[in-house]
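A.B. asks: If you scroll down you'll find the structure; I have some questions about it.
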Amino acid sequence: MLDRITAMRTFLRIVDTNSFTRAAESLNIPRATATTIVQNLEALLGTQLLARTTRRISVTPEGAAYYERCAQILCRHRRDGSEHPSRHRQPHGPPLDLAIGVSNRTVDLISEAIDCSIQLGELPDSNLVARHLGTLEHVTCASPVYLARYGTPTNLDDLRGHVAVNCMSPHNGREVAFDFEVEGEARSVKINGFIKISDEQAYLTCGLRGHGLIQPARIAAQPYLDSGELREVLPQWKPVPMPVSVAYLKNRRVSPRVRAFVDWLAELFEKAEHVDQDLSRVRQLLRGLHPA
């Protein structure tokens, strides 16, 4: 006889993790058991809930509707059970297993089974929808060694005689010009250089070693600005802030757990004046998380 509550929990976990194997591991059951539970559930309901291929699984329209019903039922079930004295007034929330990757490359949310992606700049993919979180500040700076050799620029025209460590866009591989806000408008400035880099950490390292001017994210550069290993230049013309968004696939149903994670992120971003402070807080919080 099929235990409906167990079956619904198993089905929700499979959808949330996008994997029979990960769901089974988190529930401490064999993968074959998870597969059998879903098959029996589909037979009982008389409809296909999950479409399976050798590479991935996806939720059918009927599965998406059933997912929402299961989430509501299990929520009521937990609420009813919370009246037990040992659980009285204990806070409840969706359990989350976070798998976090950091990369400059453009990720494929479908083939890599990624629920959501925190992205900097404008979204290049029309298949994505985004929730705006805030903006990320950058800073124009250089090492004392570089400034001793080339001098400190006092205006944007001075940049013609300077050297830059140039970034390459992860979206198209093109060199990204320095940009500045001048009287409320964006102004791009091309600065010659002999190094082009796509990795943020390597970009920062080249700046620290005196290879040229750089415009890193302030959150990455601030410890070196504080220590004097980098010095800000042209502070009267700030780089154009970069938008930060969390992106989803346009046609993919967003699970309650992912929605809760995104709401948590959005709340953090709203509590501080600058995204830089928020990202620092997010990084500190993520360091304290342990696999479930």
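Scheme for the structure tokens: letters A, B, ... for chains in order shown; per-chain residue numbers from 1; ligand numbers from 1 in order shown.
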Using only C-alpha atoms, which residues sit within 10 Å of A:Arg174 once same-chain residues fewer than 6 positions away are excluded, as a compact mmCIF listing (two decimals) with N, CA and C atoms, in the first residue's frame?

C.D. replies:
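Output (around-v1.txt):
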```
# COMPACT_ATOMS: atom_id res chain seq x y z
N ASN A 166 43.08 44.95 -18.92
CA ASN A 166 41.74 44.97 -19.51
C ASN A 166 41.02 43.65 -19.30
N CYS A 167 39.71 43.77 -19.06
CA CYS A 167 38.84 42.60 -18.86
C CYS A 167 38.22 42.19 -20.18
N MET A 168 37.96 40.88 -20.31
CA MET A 168 37.21 40.37 -21.46
C MET A 168 35.82 39.96 -21.00
N LYS A 196 45.08 41.07 -21.11
CA LYS A 196 43.62 40.94 -21.14
C LYS A 196 43.25 39.69 -20.35
N SER A 198 40.01 37.33 -18.24
CA SER A 198 38.58 37.06 -18.05
C SER A 198 38.26 36.63 -16.62
```

A.B. asks: Run DSSP on the backbone and give me the residues of stretch 133-171 of chain A it puts in strand (DSSP E), as a list of chain:residue names.

C.D. replies: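 Written out, the strand (DSSP E) residues of stretch 133-171 of chain A are A:Leu133, A:Gly134, A:Thr135, A:Leu136, A:Cys141, A:Ala142, A:Val165, A:Asn166, A:Cys167, A:Met168.
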
A.B. asks: Please tabulate, as JSON lines, the residues of stretch 103-213 of chain A that come within 12 Å of stretch 253-270 of chain A, each with its closest pair of atoms and the distance in Å to one decimal, counting only C-alpha atoms and ordering rows by chain, then residue number upward.

C.D. replies:
```
{"residue": "A:Ile114", "atom": "CA", "partner": "A:Val258", "partner_atom": "CA", "distance": 10.6}
{"residue": "A:Asp115", "atom": "CA", "partner": "A:Val258", "partner_atom": "CA", "distance": 7.1}
{"residue": "A:Cys116", "atom": "CA", "partner": "A:Val258", "partner_atom": "CA", "distance": 7.7}
{"residue": "A:Ser117", "atom": "CA", "partner": "A:Val262", "partner_atom": "CA", "distance": 10.1}
{"residue": "A:Ile118", "atom": "CA", "partner": "A:Val262", "partner_atom": "CA", "distance": 9.7}
{"residue": "A:Val129", "atom": "CA", "partner": "A:Val254", "partner_atom": "CA", "distance": 11.5}
{"residue": "A:Ala130", "atom": "CA", "partner": "A:Val262", "partner_atom": "CA", "distance": 10.9}
{"residue": "A:Arg131", "atom": "CA", "partner": "A:Ala266", "partner_atom": "CA", "distance": 8.7}
{"residue": "A:His132", "atom": "CA", "partner": "A:Ala266", "partner_atom": "CA", "distance": 8.4}
{"residue": "A:Leu133", "atom": "CA", "partner": "A:Ala266", "partner_atom": "CA", "distance": 5.8}
{"residue": "A:Gly134", "atom": "CA", "partner": "A:Phe269", "partner_atom": "CA", "distance": 6.6}
{"residue": "A:Thr135", "atom": "CA", "partner": "A:Phe269", "partner_atom": "CA", "distance": 9.3}
{"residue": "A:Leu136", "atom": "CA", "partner": "A:Phe269", "partner_atom": "CA", "distance": 10.7}
```

A.B. asks: When you count only C-alpha atoms, which of these residues is closest to A:Val246: A:Ala43, A:Val102, A:Met8, A:Leu128?

C.D. replies: A:Leu128

A.B. asks: Mind checking which residues fall within 10 Å of A:Leu208, counting only C-alpha atoms, ignoring those fewer than 5 positions away in the same chain, and posting them as a PyMOL selection string?

C.D. replies: chain A and resi 141-146+202-203+213-214+221+224+229-231

A.B. asks: Those selected residues, please, written with C-alpha atoms and delivered as a short mmCIF file (atom, residue, chain, number, x, y, z; two decimals), in the first residue's frame.

C.D. replies:
```cif
data_model
loop_
_atom_site.label_atom_id
_atom_site.label_comp_id
_atom_site.auth_asym_id
_atom_site.auth_seq_id
_atom_site.Cartn_x
_atom_site.Cartn_y
_atom_site.Cartn_z
CA CYS A 141 42.49 51.87 -8.71
CA ALA A 142 46.14 50.89 -9.12
CA SER A 143 49.06 49.77 -7.02
CA PRO A 144 51.55 52.29 -5.53
CA VAL A 145 54.24 50.74 -7.76
CA TYR A 146 52.25 51.49 -10.89
CA ALA A 202 43.63 37.12 -11.85
CA TYR A 203 42.50 40.61 -12.89
CA LEU A 213 44.93 50.42 -13.85
CA ILE A 214 41.95 48.21 -12.97
CA ALA A 221 39.23 45.57 -3.84
CA TYR A 224 43.60 46.08 -0.49
CA GLU A 229 48.18 47.80 -1.57
CA LEU A 230 45.80 49.55 -3.96
CA ARG A 231 44.94 53.24 -4.21
#
```

A.B. asks: At what distance in Å, to one decimal, does atom CA of A:Val165 lie from atom CA of A:Asp199?

C.D. replies: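 Taking atom CA of A:Asp199 as the start and atom CA of A:Val165 as the end point, the length is 11.6 Å.
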